There are 2 protein chains.
Amino acid sequence: MLLMIPGPVQLHERIIRAMARQMIGHRTADFSAIMEFCVEKLREIFGTKGDICLISGSGTAGMEAAIASFSRVKKIATLENGKFGERLGDIAERYTQVERVKVPWGESFELDAVKEALDNGCEAVAFVHNETSTGILNPAKEIAKLAKEYDALVIMDAITSAGGDYVKMDEWGVDVAIVGSQKCLGAPPGLAAVAVSEKAWDYYNERCPYYLDLAAYRKKLKDMQTPYTPAVPLFFALAEALKIIDEEGLENRIQRHRILSAAVRKWAVEAGLELFPNLNKYSSYSNTVTAIKMPEGVSDSELRGTLKKEYGILVSGGQGELKGKIFRIGTMGNVGKFETVSTLAALEDVLMRKNAIKPALQYAQILLRDLQ
Amino acid sequence: MLLMIPGPVQLHERIIRAMARQMIGHRTADFSAIMEFCVEKLREIFGTKGDICLISGSGTAGMEAAIASFSRVKKIATLENGKFGERLGDIAERYTQVERVKVPWGESFELDAVKEALDNGCEAVAFVHNETSTGILNPAKEIAKLAKEYDALVIMDAITSAGGDYVKMDEWGVDVAIVGSQKCLGAPPGLAAVAVSEKAWDYYNERCPYYLDLAAYRKKLKDMQTPYTPAVPLFFALAEALKIIDEEGLENRIQRHRILSAAVRKWAVEAGLELFPNLNKYSSYSNTVTAIKMPEGVSDSELRGTLKKEYGILVSGGQGELKGKIFRIGTMGNVGKFETVSTLAALEDVLMRKNAIKPALQYAQILLRDLQ
C-alpha cells in the first residue's frame with residue numbers, strides 16, 4: 001500500500017532498516033550520541049537556538065506538552081480553522097482560560113480577529129501552522145509579529161510543516177513549536193519534538209502533567225538524555241530520517257515539497273476539481289497536503305475505496321464534518337515524483353470513469369519535469 | 001552488548017524483524033487487527049476482562065494516565081518503598097490530595113500502615129507491584145484485599161511484573177494496572193498498556209491530561225483504534241512479542257522468570273554477597289530483577305564498568321541514593337539460561353579478581369539444569 005496521506009508517511013528503506021537493530025541501553029553514551037544528533041538537526045529544521053525536548057508520544061502529546069508546560073497565563077487565544085486548531089483549544093481548556101478564535105473549517109483568519117483576542121487580554125497565542133485537516137497554511141510570520149507587539153507568548157503547531165516547509169522560529173518570534181516524527185521528517189510515528197525559547201520559561205506552569213512537563217526534559221537535555229525511557233527504535237529511525245534530510249539539504253527538501261504540492265494543485269484545477277481552502281491575503285495553500293472537494297456524484301468509497309482496492313494507494317478523506325466532502329493527498333517526507341505522478345494517474349483513471357473530471361496529468365508532469 | 005538490566009530488554013530476533021516493515025495507515029483494518037490481538041493477549045496477562053488502553057509513551061505515561069484519569073477521590077494513598085513508588089506519589093500530587101505511605105528504599109510495607117491511610121479517608125491506593133529500584137515484590141493481593149474492605153480504588157503499577165510474574169487483576173480486586181512494553185513482555189520501549197475495571201470509571205476525572213485521558217482510549221477501543229496516532233512500528237513489535245509469549249505459554253514464562261531469578265539469588269548468596277531487600281512476612285524477592293549489595297571494596301565502575309568493557313554485558317547500578325551501593329540484574333522478557341549463566345560467570349570473574357566473593361556458579365547452574 002502506497003501511503004499518500006498526511007502522515008504516517010511511506011518510509012525510506014534506510015529508515016525501515018534503521019529500526020531493525022538489537023536494543024541498546026538508553027542510559028548510555030551510545031544513546032546520547034543519537035539524541036545529540038537529533039537535537040542538532042531539529043534545531044536547524046525549527047530555525048532556533050532553543051531547547052529541543054524529545055517526547056515519546058504522538059504529535060498530540062507534543063501539543064499538550066507545549067500548552068500545559070507554558071500555561072501560566074491569564075488567558076490564551078487559540079486560533080481554530082480546522083481539526084487541529086480545535087484540538088489546541090480543547091487542550092488549552094484543561095489548563096487555563098481560553099479565547100477560542102474560530103472560523104469555519106477551510107476558511108482563513110483575519111489578523112483583526114487575532115488582534116481583538118490580544119486586546120482582550122490574551123497573554124499567549126496558539127495556532128496551527130499547516131492545518132492538515134483543510135490544507136491551509138496559516139500565516140505564521142504575521143501572527144507571531146502581531147503577538148509580539150503585545151509581548152504575548154507564541155505557540156505554533158508545526159507538526160506537518162517542519163521539515164517540509166519554512167519554519168523560522170527565532171526569526172519570526174515563535175516561542176514554542178512542535179513537530180511530529182511521521183510527517184515531513186519522514187520517520188515513523190511515535191515521537192514528538194518541542195522546541196522552546198528562553199522566553200517561554202517565564203510562563204512555566206509546574207502543575208502541568210508529569211509526563212509532559214518540559215522542565216524535566218530540559219533538565220535531562222544537558223546530558224542528552226530523556227527523563228523517562230525513550231522509544232529507542234523510533235530514535236534510531238528519526239536519526240536516519242534526519243540524516244536523509246541532511247543529505248538532501250533542507251532548502252532542497254522544502255522546494256521539493258513545494259513543487260510536489262503545486263503539481264497536485266495544478267492537476268486538480270486543470271482536471272476541473274475545486275481546491276477546498278478559501279484563502280485570503282494572509283493564508284496560502286499547504287505545501288505538504290492538498291485538500292480537494294469531492295466532485296459531485298462521486299462518493300468517498302467510490303474515490304478512495306477504488307483507489308485503494310485497484311491501485312493500492314491510500315489517500316485521506318475529510319475529517320469530522322468534512323467526511324465525504326473532501327479528499328486529501330499528502331506529499332510529505334520522502335515521497336517524490338514517482339509516487340505523486342502514480343497517485344494522480346490513478347486518481348485520474350478512477351474519476352474519468354465517473355465522468356467527474358477531464359484529463360490533466362500532463363499539467364502536473366510539466367511542473368515536475370525538473371524534479372530529480 | 002547484552003542487556004541484563006530491568007528494561008529495556010534484549011530483543012528476540014523475531015521482534016527485531018517485526019519492526020522492519022513499511023508503514024501502514026493506522027486508520028485501517030490492518031492496524032485494528034494488530035491492536036485487537038494485542039488487547040486480547042494483554043487481557044490474559046493482566047488477568048482481567050476490563051478495558052485495555054494502549055498508550056504510545058513510556059511506562060511513566062501509563063502511570064500518569066492511570067492516576068490522573070481516576071483521580072476524582074478526596075485523597076489517594078501512594079505506597080512508597082523505592083523510586084517508582086515515589087514517582088506514583090509525585091504524579092498523584094498533581095491531581096489530588098495524597099497521603100504518602102513511605103518506608104526506606106528496600107524495606108517492606110506493614111499492612112497496618114496501609115490500613116491507617118485507609119482509616120484516614122483515602123479513597124484510592126496506588127502501589128508498585130514489582131519495585132524495580134530495590135528488587136522487592138510488594139504484596140499485591142494482600143494490599144488489594146485490604147483496600148477492598150474499604151471499597152477503595154486499587155491502582156497497581158505492574159510495569160515490571162506483568163508477563164513475567166503472576167498478575168491477577170480481577171481475582172485480586174485490582175481496578176487499574178499498568179505494564180510497559182520493554183520489560184517482561186520482551187518488546188522495545190515506547191508503549192504502555194493500562195487495564196481498567198468497570199469500577200474505576202466511578203472515579204473518572206475529566207480534568208486529566210488530554211493525551212492521557214483514558215476515556216478517549218476506551219471510546220476508540222470499540223473500533224480497535226487509538227485516539228491519537230499510534231507508534232505503529234512498536235505495535236508490530238508488541239504483537240510479535242505477545243505471539244512469542246503465547247507460544248511459550250504464560251505459566252511456563254512465569255516459571256522461567258522465577259527459576260532465572262532464583263538462580264541469580266542462589267549464586268549471590270552462595271558467593272557471599274548480600275541481597276538488598278529487607279523482607280517481611282508479606283513481601284518477597286522480585287522474580288524479574290535481583291538487587292544485590294555492592295561488596296565492600298568494590299566500586300560501581302570496577303564492577304559494572306569492567307563487566308561492560310571486558311564482557312559486553314550491561315547490568316544496572318543503584319538509582320538515586322543507592323548509586324554505588326547496589327547493583328541489579330534483570331532477568332526479564334526473552335532472556336534465558338544462556339544469558340543468565342553468562343552474566344553470572346562474568347560477574348564471578350570480575351568479583352573474584354577483587355577477592356570479593358567465593359565461586360558459586362555451580363549452585364546457579366544446578367537450579368537451571370531443568371530449564372530448556
# chains A, B, ... in the order shown; residues from 1 in each chain; ligands from 1
call {"tool": "residues_around", "arguments": {"residues": "B:Ile326", "least_positions_apart": "4", "cutoff": "8 Å", "atoms": "only C-alpha atoms", "output": "PyMOL selection string"}}
result
chain B and resi 276+291-294+317-318+322
call {"tool": "write_last_selection", "arguments": {"atoms": "N, CA, C and O atoms", "output": "CSV table (one decimal), in the first residue's frame"}}
result
chain,number,residue,atom,x,y,z
B,276,PHE,N,19.8,-7.2,48.6
B,276,PHE,CA,19.4,-5.8,49.1
B,276,PHE,C,18.1,-5.8,49.9
B,276,PHE,O,18.0,-5.2,50.9
B,291,ALA,N,18.3,-7.3,43.2
B,291,ALA,CA,19.2,-6.2,43.7
B,291,ALA,C,20.1,-6.8,44.7
B,291,ALA,O,19.7,-7.5,45.7
B,292,ILE,N,21.4,-6.6,44.5
B,292,ILE,CA,22.5,-7.1,45.3
B,292,ILE,C,23.3,-6.0,45.9
B,292,ILE,O,23.7,-5.1,45.2
B,293,LYS,N,23.7,-6.1,47.2
B,293,LYS,CA,24.6,-5.1,47.8
B,293,LYS,C,26.0,-5.1,47.1
B,293,LYS,O,26.5,-6.2,47.0
B,294,MET,N,26.5,-4.0,46.8
B,294,MET,CA,27.9,-3.9,46.3
B,294,MET,C,28.8,-4.4,47.4
B,294,MET,O,28.8,-3.9,48.5
B,317,GLY,N,23.0,-0.2,37.9
B,317,GLY,CA,23.5,0.2,39.2
B,317,GLY,C,22.3,0.6,40.1
B,317,GLY,O,21.2,0.3,39.7
B,318,GLY,N,22.6,1.2,41.2
B,318,GLY,CA,21.5,1.7,42.1
B,318,GLY,C,21.1,3.1,41.5
B,318,GLY,O,21.8,3.8,40.9
B,322,LEU,N,20.9,5.1,46.1
B,322,LEU,CA,21.5,3.7,46.1
B,322,LEU,C,22.6,3.6,45.1
B,322,LEU,O,23.2,2.6,44.9
call {"tool": "residues_around", "arguments": {"residues": "A:Thr28", "least_positions_apart": "4", "cutoff": "10 Å", "atoms": "only C-alpha atoms", "output": "ChimeraX atom specification"}}
result
/A:24,32-33,224-225
call {"tool": "closest_residue", "arguments": {"among": "A:Leu191, A:Val98, A:Leu221, A:Val103", "to": "chain B", "atoms": "only C-alpha atoms"}}
result
A:Leu191
call {"tool": "closest_residue", "arguments": {"among": "B:Val125, B:Leu11, B:Met35, B:Ala263", "to": "B:Thr290", "atoms": "only C-alpha atoms"}}
result
B:Ala263
call {"tool": "closest_atom_pairs", "arguments": {"of": "chain B", "to": "chain A", "cutoff": "7 Å", "atoms": "only C-alpha atoms", "output": "CSV"}}
result
residue,atom,partner,partner_atom,distance
B:Leu3,CA,A:Gly25,CA,6.9
B:Pro8,CA,A:Gly25,CA,6.7
B:Gln10,CA,A:Met23,CA,5.8
B:Leu11,CA,A:Gln22,CA,6.0
B:Ile16,CA,A:Ala20,CA,5.1
B:Arg17,CA,A:Ala20,CA,5.9
B:Met19,CA,A:Ala20,CA,6.2
B:Ala20,CA,A:Ile16,CA,5.1
B:Arg21,CA,A:Ile16,CA,6.2
B:Gln22,CA,A:Leu11,CA,6.0
B:Met23,CA,A:Gln10,CA,5.9
B:Gly25,CA,A:Pro8,CA,6.7
B:Ser56,CA,A:Gly57,CA,5.1
B:Gly57,CA,A:Gly57,CA,4.9
B:Ser58,CA,A:Thr229,CA,5.9
B:Thr60,CA,A:Tyr211,CA,6.6
B:Ala61,CA,A:Tyr211,CA,5.7
B:Ile91,CA,A:Tyr210,CA,6.0
B:Arg94,CA,A:Arg207,CA,6.0
B:Pro189,CA,A:Ala231,CA,4.8
B:Gly190,CA,A:Ala231,CA,4.1
B:Arg207,CA,A:Arg94,CA,6.0
B:Pro209,CA,A:Pro209,CA,6.5
B:Tyr210,CA,A:Ile91,CA,6.0
B:Tyr211,CA,A:Ala61,CA,5.7
B:Tyr228,CA,A:Ser58,CA,6.6
B:Thr229,CA,A:Ser58,CA,5.9
B:Pro230,CA,A:Gly190,CA,6.4
B:Ala231,CA,A:Gly190,CA,4.1
B:Val232,CA,A:Pro189,CA,6.4
call {"tool": "select_by_dssp", "arguments": {"residues": "stretch 118-278 of chain A", "states": "alpha helix (DSSP H)", "output": "MDAnalysis selection string"}}
result
chainID A and resid 118:119 140:149 169:172 214:221 232:248 250:271
call {"tool": "residues_around", "arguments": {"residues": "A:Ala117", "least_positions_apart": "3", "cutoff": "10 Å", "atoms": "only C-alpha atoms", "output": "list in words"}}
result
Lys75, Ile76, Ala77, Thr78, Leu79, Val98, Glu99, Arg100, Val101, Asp112, Ala113, Val114, Asn120, Gly121, Cys122, Glu123, Ala124, Val125 and Ala147 of chain A
call {"tool": "atom_distance", "arguments": {"atom1": "atom CA of A:Lys145", "atom2": "atom CA of A:Gly173"}}
result
6.8 Å
call {"tool": "atom_distance", "arguments": {"atom1": "atom CA of B:Thr134", "atom2": "atom CA of B:Ile159"}}
result
14.3 Å
call {"tool": "select_by_dssp", "arguments": {"residues": "stretch 273-333 of chain A", "states": "strand (DSSP E or B)", "output": "list of chain:residue names"}}
result
A:Leu275, A:Ser284, A:Tyr285, A:Val289, A:Thr290, A:Ala291, A:Ile292, A:Lys293, A:Ile313, A:Leu314, A:Ser316, A:Gly317, A:Ile326, A:Phe327, A:Arg328, A:Ile329, A:Gly330
